[in-house]
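Peer 1: Contents of run-v8.tsv (TSV, C-alpha atoms) are given next:
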```
chain	number	residue	atom	x	y	z
A	1	GLY	CA	137.20	-2.16	179.31
A	2	GLU	CA	140.88	-1.94	178.40
A	3	GLY	CA	141.01	-4.55	175.66
A	4	GLU	CA	141.45	-3.82	171.98
A	5	PRO	CA	138.85	-1.34	170.65
A	6	ILE	CA	135.72	-2.75	168.99
A	7	LEU	CA	133.57	-0.73	166.60
A	8	ILE	CA	130.04	-1.92	165.80
A	9	LEU	CA	128.16	-0.86	162.65
A	10	HIS	CA	124.39	-1.30	162.33
A	11	GLY	CA	122.33	-2.21	159.26
A	12	LEU	CA	120.03	-0.29	156.91
A	13	PHE	CA	117.27	1.69	158.68
A	14	GLY	CA	118.97	0.85	162.00
A	15	SER	CA	121.02	2.79	164.52
A	16	LEU	CA	123.58	2.24	167.25
A	17	ASP	CA	120.71	1.61	169.69
A	18	ASN	CA	120.19	-1.79	168.04
A	19	TRP	CA	123.51	-2.97	169.52
A	20	GLN	CA	123.28	-1.51	173.04
A	21	THR	CA	122.84	-4.86	174.81
A	22	ILE	CA	125.76	-6.59	173.10
A	23	GLY	CA	127.89	-3.44	173.21
A	24	LYS	CA	127.52	-3.12	176.98
A	25	LYS	CA	128.57	-6.74	177.51
A	26	LEU	CA	131.63	-6.37	175.27
A	27	ALA	CA	132.50	-3.13	177.07
A	28	GLU	CA	133.18	-5.10	180.24
A	29	THR	CA	136.50	-6.14	178.69
A	30	HIS	CA	136.96	-3.88	175.63
A	31	LEU	CA	136.70	-0.25	174.60
A	32	VAL	CA	133.52	-0.31	172.51
A	33	TYR	CA	132.19	2.23	170.04
A	34	LEU	CA	128.61	1.97	168.76
A	35	VAL	CA	128.43	3.96	165.54
A	36	ASP	CA	125.53	5.68	163.78
A	37	LEU	CA	126.46	5.51	160.10
A	38	ARG	CA	125.80	8.56	157.95
A	39	ASN	CA	122.12	9.25	157.22
A	40	HIS	CA	121.15	7.12	160.23
A	41	GLY	CA	120.49	7.76	163.92
A	42	LYS	CA	122.07	10.94	165.23
A	43	SER	CA	124.81	11.13	162.59
A	44	PRO	CA	124.64	13.91	159.99
A	45	HIS	CA	122.49	13.61	156.90
A	46	SER	CA	124.39	13.76	153.64
A	47	ASP	CA	123.55	14.28	149.97
A	48	SER	CA	125.80	11.36	149.07
A	49	PHE	CA	125.77	7.80	150.24
A	50	SER	CA	128.16	4.96	149.40
A	51	TYR	CA	130.14	2.23	151.10
A	52	LEU	CA	133.39	4.01	150.31
A	53	GLU	CA	132.13	7.14	152.07
A	54	MET	CA	130.88	5.22	155.10
A	55	ALA	CA	134.18	3.35	155.36
A	56	ALA	CA	135.99	6.70	155.23
A	57	ASP	CA	133.71	8.00	158.01
A	58	VAL	CA	134.73	5.05	160.19
A	59	ALA	CA	138.42	5.63	159.43
A	60	GLU	CA	138.03	9.30	160.41
A	61	LEU	CA	136.42	8.27	163.71
A	62	ILE	CA	139.32	5.92	164.44
A	63	GLU	CA	141.80	8.69	163.69
A	64	ASP	CA	139.88	11.25	165.79
A	65	GLU	CA	139.85	8.86	168.75
A	66	ASN	CA	143.59	8.11	168.37
A	67	LEU	CA	142.96	4.40	168.09
A	68	ASN	CA	145.43	1.97	166.59
A	69	LYS	CA	144.07	-1.31	165.27
A	70	VAL	CA	140.43	-2.20	165.94
A	71	SER	CA	138.08	-5.12	165.62
A	72	LEU	CA	135.13	-4.23	163.42
A	73	ILE	CA	131.66	-5.78	163.65
A	74	GLY	CA	129.09	-4.98	160.97
A	75	HIS	CA	125.55	-6.22	160.40
A	76	SER	CA	123.99	-6.24	156.91
A	77	MET	CA	124.71	-2.77	155.43
A	78	GLY	CA	127.18	-2.30	158.29
A	79	GLY	CA	128.79	-5.60	157.28
A	80	LYS	CA	129.30	-4.37	153.74
A	81	THR	CA	130.74	-1.15	155.14
A	82	ALA	CA	133.09	-3.24	157.27
A	83	MET	CA	134.19	-5.30	154.26
A	84	THR	CA	134.82	-2.10	152.30
A	85	PHE	CA	136.81	-0.77	155.25
A	86	ALA	CA	138.94	-3.94	155.14
A	87	VAL	CA	139.77	-3.22	151.50
A	88	GLU	CA	140.57	0.47	151.99
A	89	TYR	CA	142.11	0.53	155.49
A	90	PRO	CA	143.53	-2.92	156.30
A	91	HIS	CA	146.30	-1.34	158.39
A	92	LEU	CA	143.68	-0.19	160.91
A	93	LEU	CA	142.00	-3.57	161.27
A	94	SER	CA	142.95	-6.60	163.35
A	95	LYS	CA	139.76	-8.70	163.10
A	96	LEU	CA	136.56	-8.50	161.09
A	97	ILE	CA	133.12	-9.87	162.00
A	98	VAL	CA	130.40	-9.77	159.36
A	99	VAL	CA	126.85	-10.53	160.50
A	100	ASP	CA	124.39	-12.03	158.01
A	101	ILE	CA	125.58	-10.49	154.77
A	102	ALA	CA	127.77	-11.82	151.95
A	103	PRO	CA	130.19	-10.01	149.62
A	104	LYS	CA	127.76	-9.96	146.72
A	105	LYS	CA	125.07	-7.82	145.12
A	106	TYR	CA	121.55	-8.63	146.27
A	107	PRO	CA	118.33	-8.32	144.29
A	108	PRO	CA	116.07	-5.40	145.29
A	109	HIS	CA	114.07	-6.39	148.37
A	110	HIS	CA	113.34	-3.26	150.38
A	111	SER	CA	110.31	-1.94	148.48
A	112	GLU	CA	107.81	-3.19	151.10
A	113	ILE	CA	109.71	-1.48	153.93
A	114	ILE	CA	110.09	1.80	152.03
A	115	GLU	CA	106.40	1.79	151.12
A	116	ALA	CA	105.47	1.20	154.77
A	117	LEU	CA	107.69	4.06	155.94
A	118	TYR	CA	106.22	6.47	153.40
A	119	SER	CA	102.70	5.44	154.44
A	120	LEU	CA	103.18	7.63	157.53
A	121	ASP	CA	102.28	11.29	157.17
A	122	LEU	CA	104.52	12.65	159.91
A	123	SER	CA	102.78	16.02	159.79
A	124	THR	CA	99.55	14.51	161.10
A	125	ILE	CA	100.42	11.66	163.50
A	126	SER	CA	100.11	12.50	167.19
A	127	SER	CA	101.65	9.44	168.87
A	128	ARG	CA	103.84	6.41	168.30
A	129	ARG	CA	100.79	4.25	168.89
A	130	GLU	CA	99.00	5.95	166.02
A	131	ALA	CA	102.06	5.52	163.78
A	132	ASP	CA	102.19	1.85	164.69
A	133	GLN	CA	98.53	1.34	163.78
A	134	ILE	CA	98.94	3.07	160.41
A	135	MET	CA	102.09	1.14	159.51
A	136	LYS	CA	100.53	-2.17	160.51
A	137	GLU	CA	98.51	-2.17	157.27
A	138	LYS	CA	101.70	-2.19	155.20
A	139	MET	CA	104.00	-3.98	157.65
A	140	PRO	CA	102.06	-6.60	159.68
A	141	VAL	CA	105.17	-8.28	161.16
A	142	ASP	CA	105.44	-6.76	164.64
A	143	GLY	CA	109.19	-7.14	165.11
A	144	THR	CA	110.12	-5.50	161.81
A	145	ARG	CA	107.61	-2.69	162.24
A	146	LEU	CA	108.72	-1.84	165.79
A	147	PHE	CA	112.35	-1.91	164.63
A	148	LEU	CA	111.56	0.65	161.93
A	149	LEU	CA	109.55	2.86	164.27
A	150	LYS	CA	112.61	3.30	166.47
A	151	ASN	CA	113.60	5.84	163.82
A	152	LEU	CA	110.77	8.18	164.87
A	153	ALA	CA	111.95	11.24	166.79
A	154	ARG	CA	109.63	13.67	168.57
A	155	LYS	CA	110.34	17.27	167.58
A	156	SER	CA	110.65	19.96	170.25
A	157	GLU	CA	107.91	22.01	168.58
A	158	GLY	CA	105.62	18.99	168.44
A	159	GLY	CA	105.08	16.27	165.87
A	160	TYR	CA	107.57	13.72	164.60
A	161	SER	CA	110.42	13.39	162.14
A	162	TRP	CA	112.62	10.55	160.94
A	163	LYS	CA	116.07	10.27	162.51
A	164	MET	CA	117.29	8.63	159.30
A	165	ASN	CA	117.50	10.42	155.96
A	166	LEU	CA	114.66	8.43	154.40
A	167	ASP	CA	114.59	10.27	151.08
A	168	MET	CA	118.31	9.79	150.50
A	169	LEU	CA	118.23	6.13	151.53
A	170	SER	CA	115.28	5.28	149.32
A	171	LYS	CA	116.82	7.07	146.31
A	172	ASN	CA	120.14	5.26	146.81
A	173	ILE	CA	118.83	1.79	147.61
A	174	GLU	CA	120.82	0.39	144.67
A	175	GLU	CA	124.00	1.48	146.47
A	176	VAL	CA	122.91	-0.50	149.53
A	177	ILE	CA	122.27	-3.78	147.72
A	178	ASP	CA	125.47	-3.47	145.66
A	179	ILE	CA	128.96	-4.29	146.90
A	180	THR	CA	132.19	-2.35	146.60
A	181	GLU	CA	134.71	-4.14	144.41
A	182	ILE	CA	137.12	-6.35	146.36
A	183	PRO	CA	140.15	-6.38	144.06
A	184	PHE	CA	142.36	-8.70	146.11
A	185	PRO	CA	142.07	-11.22	148.97
A	186	ILE	CA	141.78	-9.68	152.43
A	187	ASN	CA	144.16	-11.59	154.70
A	188	ILE	CA	142.58	-10.51	157.97
A	189	PRO	CA	140.96	-13.01	160.36
A	190	THR	CA	137.27	-12.81	159.47
A	191	LEU	CA	134.21	-14.36	161.06
A	192	PHE	CA	130.93	-14.56	159.18
A	193	ILE	CA	127.87	-15.18	161.36
A	194	ARG	CA	124.60	-16.08	159.68
A	195	GLY	CA	121.09	-16.73	160.90
A	196	GLY	CA	119.94	-20.28	160.29
A	197	SER	CA	116.52	-19.02	159.20
A	198	SER	CA	117.94	-16.22	157.03
A	199	ASN	CA	118.72	-16.44	153.31
A	200	TYR	CA	121.32	-13.67	153.23
A	201	ILE	CA	124.35	-15.99	153.39
A	202	LEU	CA	123.75	-19.18	151.41
A	203	ASP	CA	125.92	-22.29	151.29
A	204	SER	CA	126.60	-21.34	147.67
A	205	ASP	CA	128.23	-18.09	148.90
A	206	PHE	CA	130.99	-19.92	150.80
A	207	GLU	CA	133.27	-20.15	147.76
A	208	THR	CA	132.98	-16.39	147.10
A	209	ILE	CA	133.65	-15.65	150.76
A	210	GLU	CA	136.76	-17.84	150.72
A	211	THR	CA	138.02	-16.11	147.57
A	212	TYR	CA	137.84	-12.66	149.13
A	213	PHE	CA	138.49	-13.56	152.78
A	214	PRO	CA	140.74	-16.65	152.82
A	215	ASP	CA	141.34	-16.45	156.59
A	216	PHE	CA	137.67	-16.96	157.40
A	217	GLU	CA	135.26	-18.86	159.60
A	218	ILE	CA	131.49	-19.20	159.17
A	219	GLU	CA	129.15	-19.86	162.07
A	220	THR	CA	125.40	-20.42	161.90
A	221	ILE	CA	123.04	-19.48	164.72
A	222	GLU	CA	120.02	-21.72	164.40
A	223	ASN	CA	116.46	-20.36	164.65
A	224	ALA	CA	117.65	-16.82	163.97
A	225	GLY	CA	116.65	-14.65	161.05
A	226	HIS	CA	118.42	-11.65	159.53
A	227	TRP	CA	118.40	-9.64	162.79
A	228	VAL	CA	120.59	-12.20	164.53
A	229	HIS	CA	121.75	-9.80	167.24
A	230	ALA	CA	118.16	-9.03	168.27
A	231	GLU	CA	116.84	-12.59	168.09
A	232	LYS	CA	119.78	-14.52	169.58
A	233	PRO	CA	122.00	-11.98	171.38
A	234	ALA	CA	123.55	-14.44	173.86
A	235	GLU	CA	124.59	-16.87	171.13
A	236	LEU	CA	126.01	-14.11	168.95
A	237	LEU	CA	127.87	-12.56	171.90
A	238	GLU	CA	129.51	-15.89	172.69
A	239	LEU	CA	130.75	-16.31	169.11
A	240	VAL	CA	132.07	-12.73	169.01
A	241	GLN	CA	133.91	-13.05	172.33
A	242	GLU	CA	135.50	-16.35	171.36
A	243	PHE	CA	136.68	-14.94	168.05
A	244	ILE	CA	138.03	-11.64	169.34
A	245	ASP	CA	139.65	-12.98	172.50
```
How does the structure come out when it is put into structure tokens?

Peer 2:
Amino acid sequence: GEGEPILILHGLFGSLDNWQTIGKKLAETHLVYLVDLRNHGKSPHSDSFSYLEMAADVAELIEDENLNKVSLIGHSMGGKTAMTFAVEYPHLLSKLIVVDIAPKKYPPHHSEIIEALYSLDLSTISSRREADQIMKEKMPVDGTRLFLLKNLARKSEGGYSWKMNLDMLSKNIEEVIDITEIPFPINIPTLFIRGGSSNYILDSDFETIETYFPDFEIETIENAGHWVHAEKPAELLELVQEFID
């Protein structure tokens, strides 16, 4: 499309593939970029990992593509990257959409996922089906497990590897749950979308959100958990289109 550019940033252990359905619909009227953040998907692996660096990566992409102002959508870790981008590069941003994450530090809560991922010996598995069966012992929830297994890539010489930089992500998990300092209010129109069944954005977070993002709206999609875009894509798409257009 020819409308204002939209960049979409995925969450931890995700990739741009997670947003294909919504991205294609938005691309009917807008120029849409689905982004693999560093250490994820097909983007380069790095020895360093922080929200400031990921925000700088996004700014470099915008510059390389000769874009002016963009709308930025970020889910979870991508949402924190988007908020950091709003602090560092407000001149490049027209609207901000943050999906199911608040501007706060979260308690550690990824140990079960990391343990499940490391339960796979990639040097021995012969199929995705086998990987699924092994991971099921540690990660019985089908949706979460299948989401994580999208990170498996078949190697040309045989066997599998992780698309994501698992070692770097697990070592820097404190960086993921933390939040870059927001030293002043961000006066950019901002929409927060939360899942009604998720506990990532609580009613008690509204005051903090208003402090940092005074020009804000909050919408709740009922019967959706943390992966709002996967569970209720039509409802999320409607909110995004209304806000951007």

Peer 1: Find the residues of range 73-166 of chain A that sit at most 9 Å from range 216-233 of chain A; for each, write down the nearest two atoms and how far apart they are in Å, to one decimal. Count all atoms listed in the file. Sort by chain, then by number going up, and give it as a tab-separated table.

Peer 2:
```
residue	atom	partner	partner_atom	distance
A:His75	CA	A:Trp227	CA	8.3
A:Ser76	CA	A:His226	CA	8.2
A:Val99	CA	A:Val228	CA	7.6
A:Asp100	CA	A:His226	CA	6.2
A:Ile101	CA	A:His226	CA	8.7
```

Peer 1: Report, in Å with one decimal, the straight-line distance from CA of Pro214 in chain A to CA of Gly11 in chain A.

Peer 2: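 Computing it gives 24.3 Å between the two atoms.
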
Peer 1: Using only C-alpha atoms, what table do you get, as JSON lines, when you list each residue of range 154-213 of chain A with an atom no more than 12 Å from range 123-133 of chain A, its nearest pair of atoms, and their distance in Å rounded to one decimal, rows by chain then rising number?

Peer 2:
```
{"residue": "A:Arg154", "atom": "CA", "partner": "A:Ser127", "partner_atom": "CA", "distance": 9.0}
{"residue": "A:Lys155", "atom": "CA", "partner": "A:Ser123", "partner_atom": "CA", "distance": 10.9}
{"residue": "A:Glu157", "atom": "CA", "partner": "A:Ser123", "partner_atom": "CA", "distance": 11.8}
{"residue": "A:Gly158", "atom": "CA", "partner": "A:Ser126", "partner_atom": "CA", "distance": 8.6}
{"residue": "A:Gly159", "atom": "CA", "partner": "A:Ser126", "partner_atom": "CA", "distance": 6.4}
{"residue": "A:Tyr160", "atom": "CA", "partner": "A:Ser123", "partner_atom": "CA", "distance": 7.2}
{"residue": "A:Ser161", "atom": "CA", "partner": "A:Ser123", "partner_atom": "CA", "distance": 8.4}
{"residue": "A:Trp162", "atom": "CA", "partner": "A:Ser123", "partner_atom": "CA", "distance": 11.3}
```

Peer 1: Using all atoms listed in the file, pick whichever of A:Val87, A:Leu146, A:Leu122, A:Val58 has the shortest atom-to-atom distance to Ile73 in chain A.

Peer 2: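 Using all atoms listed in the file, the shortest distance to Ile73 in chain A belongs to A:Val58.
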
Peer 1: Please list as a list of chain:residue names every residue within 7 Å of range 177-180 of chain A, counting all atoms listed in the file and excluding residues in the same chain fewer than 6 positions away.

Peer 2: A:Tyr51, A:Lys80, A:Thr84, A:Pro103, A:Lys104, A:Lys105, A:Tyr106, A:Pro107, A:Pro108

Peer 1: Considering all atoms listed in the file, state which residue in the set A:His10, A:Arg194, A:Arg38, A:His109 is at the smallest distance from Leu52 in chain A.

Peer 2: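 Counting all atoms listed in the file, the residue closest to Leu52 in chain A is A:Arg38.
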
Peer 1: Please measure the separation of CA of Pro90 in chain A and CA of Glu65 in chain A, giving the value in Å to one decimal.

Peer 2: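 These atoms are spaced 17.5 Å apart.
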
Peer 1: Residues proximal to (133.5, -9.2, 155.0) were defined as those with any atom within 9 Å of that point in the file's coordinates, counting all atoms listed in the file. Which are they, as a list in words?

Peer 2: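 Result, sorted by chain then residue number: Gly74, Gly79, Lys80, Thr81, Ala82, Met83, Thr84, Ala86, Leu96, Ile97, Val98, Val99, Ile101, Ala102, Pro103, Ile186, Thr190, Leu191, Phe192, Ile209, Tyr212 and Phe213 of chain A.
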
Peer 1: Name the residues in contact with Met164 in chain A at a cut-off of 8 Å, using only C-alpha atoms, excluding same-chain residues fewer than 4 positions from it; report them as a PyMOL selection string.

Peer 2: chain A and resi 13+39-42+45+151

Peer 1: If you measure from CA of Met168 in chain A to CA of Met54 in chain A, what distance in Å do you get, rounded to one decimal?

Peer 2: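 Computing the Euclidean distance for CA of Met168 in chain A and CA of Met54 in chain A yields 14.1 Å.
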
Peer 1: Point out the residue among A:Leu120, A:Leu26, A:Ile182, A:Leu148 with the least atom-to-atom distance to Ala234 in chain A, counting all atoms listed in the file.

Peer 2: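 Ranking A:Leu120, A:Leu26, A:Ile182, A:Leu148 by distance to Ala234 in chain A, first place goes to A:Leu26.
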
Peer 1: If you count all atoms listed in the file, which residues fall within 6 Å of Val32 in chain A, apart from same-chain ones fewer than 3 positions away, as a ChimeraX atom specification?

Peer 2: /A:5-7,27

Peer 1: Return the single residue from A:Val70, A:Lys150, A:Tyr118, A:Met135 that is closest to Leu16 in chain A, with distances computed using only C-alpha atoms.

Peer 2: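 So, comparing all the options, the nearest one is A:Lys150.
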
Peer 1: Hey, which of A:Glu174, A:Ile188, A:Val141, A:Leu149 ends up closest to Ser15 in chain A? Count only C-alpha atoms.

Peer 2: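 Of A:Glu174, A:Ile188, A:Val141, A:Leu149, the one nearest Ser15 in chain A, counting only C-alpha atoms, is A:Leu149.
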
Peer 1: Any chance you could model N, CA, C and O atoms for range 88-114 of chain A and send them as a PDB file, in the frame of the given file?

Peer 2:
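Once written, rebuild-v4.pdb looks like this:
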```pdb
ATOM      1  N   GLU A  88     139.972  -0.865 152.073  1.00  0.00           N
ATOM      2  CA  GLU A  88     140.570   0.470 151.990  1.00  0.00           C
ATOM      3  C   GLU A  88     141.551   0.774 153.126  1.00  0.00           C
ATOM      4  O   GLU A  88     142.495   1.534 152.947  1.00  0.00           O
ATOM      5  N   TYR A  89     141.313   0.173 154.310  1.00  0.00           N
ATOM      6  CA  TYR A  89     142.110   0.530 155.490  1.00  0.00           C
ATOM      7  C   TYR A  89     142.548  -0.717 156.267  1.00  0.00           C
ATOM      8  O   TYR A  89     142.347  -0.786 157.491  1.00  0.00           O
ATOM      9  N   PRO A  90     143.157  -1.677 155.604  1.00  0.00           N
ATOM     10  CA  PRO A  90     143.530  -2.920 156.300  1.00  0.00           C
ATOM     11  C   PRO A  90     144.518  -2.691 157.445  1.00  0.00           C
ATOM     12  O   PRO A  90     144.550  -3.476 158.398  1.00  0.00           O
ATOM     13  N   HIS A  91     145.297  -1.625 157.345  1.00  0.00           N
ATOM     14  CA  HIS A  91     146.300  -1.340 158.390  1.00  0.00           C
ATOM     15  C   HIS A  91     145.657  -0.935 159.711  1.00  0.00           C
ATOM     16  O   HIS A  91     146.331  -0.933 160.745  1.00  0.00           O
ATOM     17  N   LEU A  92     144.379  -0.591 159.689  1.00  0.00           N
ATOM     18  CA  LEU A  92     143.680  -0.190 160.910  1.00  0.00           C
ATOM     19  C   LEU A  92     142.872  -1.329 161.527  1.00  0.00           C
ATOM     20  O   LEU A  92     142.226  -1.141 162.560  1.00  0.00           O
ATOM     21  N   LEU A  93     142.921  -2.499 160.911  1.00  0.00           N
ATOM     22  CA  LEU A  93     142.000  -3.570 161.270  1.00  0.00           C
ATOM     23  C   LEU A  93     142.766  -4.806 161.738  1.00  0.00           C
ATOM     24  O   LEU A  93     143.711  -5.246 161.098  1.00  0.00           O
ATOM     25  N   SER A  94     142.340  -5.357 162.876  1.00  0.00           N
ATOM     26  CA  SER A  94     142.950  -6.600 163.350  1.00  0.00           C
ATOM     27  C   SER A  94     142.029  -7.791 163.108  1.00  0.00           C
ATOM     28  O   SER A  94     142.486  -8.864 162.724  1.00  0.00           O
ATOM     29  N   LYS A  95     140.718  -7.620 163.345  1.00  0.00           N
ATOM     30  CA  LYS A  95     139.760  -8.700 163.100  1.00  0.00           C
ATOM     31  C   LYS A  95     138.468  -8.104 162.558  1.00  0.00           C
ATOM     32  O   LYS A  95     138.107  -6.969 162.871  1.00  0.00           O
ATOM     33  N   LEU A  96     137.782  -8.933 161.760  1.00  0.00           N
ATOM     34  CA  LEU A  96     136.560  -8.500 161.090  1.00  0.00           C
ATOM     35  C   LEU A  96     135.459  -9.508 161.371  1.00  0.00           C
ATOM     36  O   LEU A  96     135.665 -10.713 161.247  1.00  0.00           O
ATOM     37  N   ILE A  97     134.287  -9.012 161.782  1.00  0.00           N
ATOM     38  CA  ILE A  97     133.120  -9.870 162.000  1.00  0.00           C
ATOM     39  C   ILE A  97     131.971  -9.329 161.172  1.00  0.00           C
ATOM     40  O   ILE A  97     131.568  -8.167 161.339  1.00  0.00           O
ATOM     41  N   VAL A  98     131.461 -10.158 160.279  1.00  0.00           N
ATOM     42  CA  VAL A  98     130.400  -9.770 159.360  1.00  0.00           C
ATOM     43  C   VAL A  98     129.150 -10.568 159.707  1.00  0.00           C
ATOM     44  O   VAL A  98     129.174 -11.803 159.686  1.00  0.00           O
ATOM     45  N   VAL A  99     128.065  -9.875 160.027  1.00  0.00           N
ATOM     46  CA  VAL A  99     126.850 -10.530 160.500  1.00  0.00           C
ATOM     47  C   VAL A  99     125.786 -10.543 159.406  1.00  0.00           C
ATOM     48  O   VAL A  99     125.272  -9.501 158.994  1.00  0.00           O
ATOM     49  N   ASP A 100     125.501 -11.719 158.917  1.00  0.00           N
ATOM     50  CA  ASP A 100     124.390 -12.030 158.010  1.00  0.00           C
ATOM     51  C   ASP A 100     124.360 -11.184 156.745  1.00  0.00           C
ATOM     52  O   ASP A 100     123.330 -10.630 156.374  1.00  0.00           O
ATOM     53  N   ILE A 101     125.493 -11.117 156.089  1.00  0.00           N
ATOM     54  CA  ILE A 101     125.580 -10.490 154.770  1.00  0.00           C
ATOM     55  C   ILE A 101     126.784 -11.099 154.056  1.00  0.00           C
ATOM     56  O   ILE A 101     127.775 -11.449 154.702  1.00  0.00           O
ATOM     57  N   ALA A 102     126.687 -11.240 152.748  1.00  0.00           N
ATOM     58  CA  ALA A 102     127.770 -11.820 151.950  1.00  0.00           C
ATOM     59  C   ALA A 102     128.356 -10.754 151.033  1.00  0.00           C
ATOM     60  O   ALA A 102     127.703  -9.752 150.734  1.00  0.00           O
ATOM     61  N   PRO A 103     129.586 -10.966 150.551  1.00  0.00           N
ATOM     62  CA  PRO A 103     130.190 -10.010 149.620  1.00  0.00           C
ATOM     63  C   PRO A 103     129.653 -10.199 148.205  1.00  0.00           C
ATOM     64  O   PRO A 103     130.334 -10.697 147.305  1.00  0.00           O
ATOM     65  N   LYS A 104     128.392  -9.817 148.022  1.00  0.00           N
ATOM     66  CA  LYS A 104     127.760  -9.960 146.720  1.00  0.00           C
ATOM     67  C   LYS A 104     126.657  -8.918 146.575  1.00  0.00           C
ATOM     68  O   LYS A 104     126.223  -8.318 147.573  1.00  0.00           O
ATOM     69  N   LYS A 105     126.208  -8.700 145.351  1.00  0.00           N
ATOM     70  CA  LYS A 105     125.070  -7.820 145.120  1.00  0.00           C
ATOM     71  C   LYS A 105     123.783  -8.601 145.330  1.00  0.00           C
ATOM     72  O   LYS A 105     123.665  -9.748 144.887  1.00  0.00           O
ATOM     73  N   TYR A 106     122.827  -7.983 145.990  1.00  0.00           N
ATOM     74  CA  TYR A 106     121.550  -8.630 146.270  1.00  0.00           C
ATOM     75  C   TYR A 106     120.470  -8.077 145.349  1.00  0.00           C
ATOM     76  O   TYR A 106     120.548  -6.916 144.928  1.00  0.00           O
ATOM     77  N   PRO A 107     119.459  -8.864 145.048  1.00  0.00           N
ATOM     78  CA  PRO A 107     118.330  -8.320 144.290  1.00  0.00           C
ATOM     79  C   PRO A 107     117.568  -7.315 145.142  1.00  0.00           C
ATOM     80  O   PRO A 107     117.611  -7.383 146.373  1.00  0.00           O
ATOM     81  N   PRO A 108     116.859  -6.370 144.515  1.00  0.00           N
ATOM     82  CA  PRO A 108     116.070  -5.400 145.290  1.00  0.00           C
ATOM     83  C   PRO A 108     115.055  -6.126 146.181  1.00  0.00           C
ATOM     84  O   PRO A 108     114.359  -7.030 145.736  1.00  0.00           O
ATOM     85  N   HIS A 109     114.995  -5.713 147.457  1.00  0.00           N
ATOM     86  CA  HIS A 109     114.070  -6.390 148.370  1.00  0.00           C
ATOM     87  C   HIS A 109     113.608  -5.487 149.512  1.00  0.00           C
ATOM     88  O   HIS A 109     113.126  -5.967 150.533  1.00  0.00           O
ATOM     89  N   HIS A 110     113.728  -4.179 149.318  1.00  0.00           N
ATOM     90  CA  HIS A 110     113.340  -3.260 150.380  1.00  0.00           C
ATOM     91  C   HIS A 110     112.080  -2.461 150.049  1.00  0.00           C
ATOM     92  O   HIS A 110     111.703  -1.560 150.802  1.00  0.00           O
ATOM     93  N   SER A 111     111.432  -2.767 148.926  1.00  0.00           N
ATOM     94  CA  SER A 111     110.310  -1.940 148.480  1.00  0.00           C
ATOM     95  C   SER A 111     109.162  -1.952 149.492  1.00  0.00           C
ATOM     96  O   SER A 111     108.524  -0.918 149.740  1.00  0.00           O
ATOM     97  N   GLU A 112     108.903  -3.100 150.134  1.00  0.00           N
ATOM     98  CA  GLU A 112     107.810  -3.190 151.100  1.00  0.00           C
ATOM     99  C   GLU A 112     108.093  -2.292 152.314  1.00  0.00           C
ATOM    100  O   GLU A 112     107.198  -1.590 152.808  1.00  0.00           O
ATOM    101  N   ILE A 113     109.336  -2.305 152.779  1.00  0.00           N
ATOM    102  CA  ILE A 113     109.710  -1.480 153.930  1.00  0.00           C
ATOM    103  C   ILE A 113     109.604  -0.001 153.588  1.00  0.00           C
ATOM    104  O   ILE A 113     109.046   0.800 154.357  1.00  0.00           O
ATOM    105  N   ILE A 114     110.123   0.394 152.429  1.00  0.00           N
ATOM    106  CA  ILE A 114     110.090   1.800 152.030  1.00  0.00           C
ATOM    107  C   ILE A 114     108.652   2.279 151.867  1.00  0.00           C
ATOM    108  O   ILE A 114     108.282   3.380 152.313  1.00  0.00           O
TER     109      ILE A 114
END
```
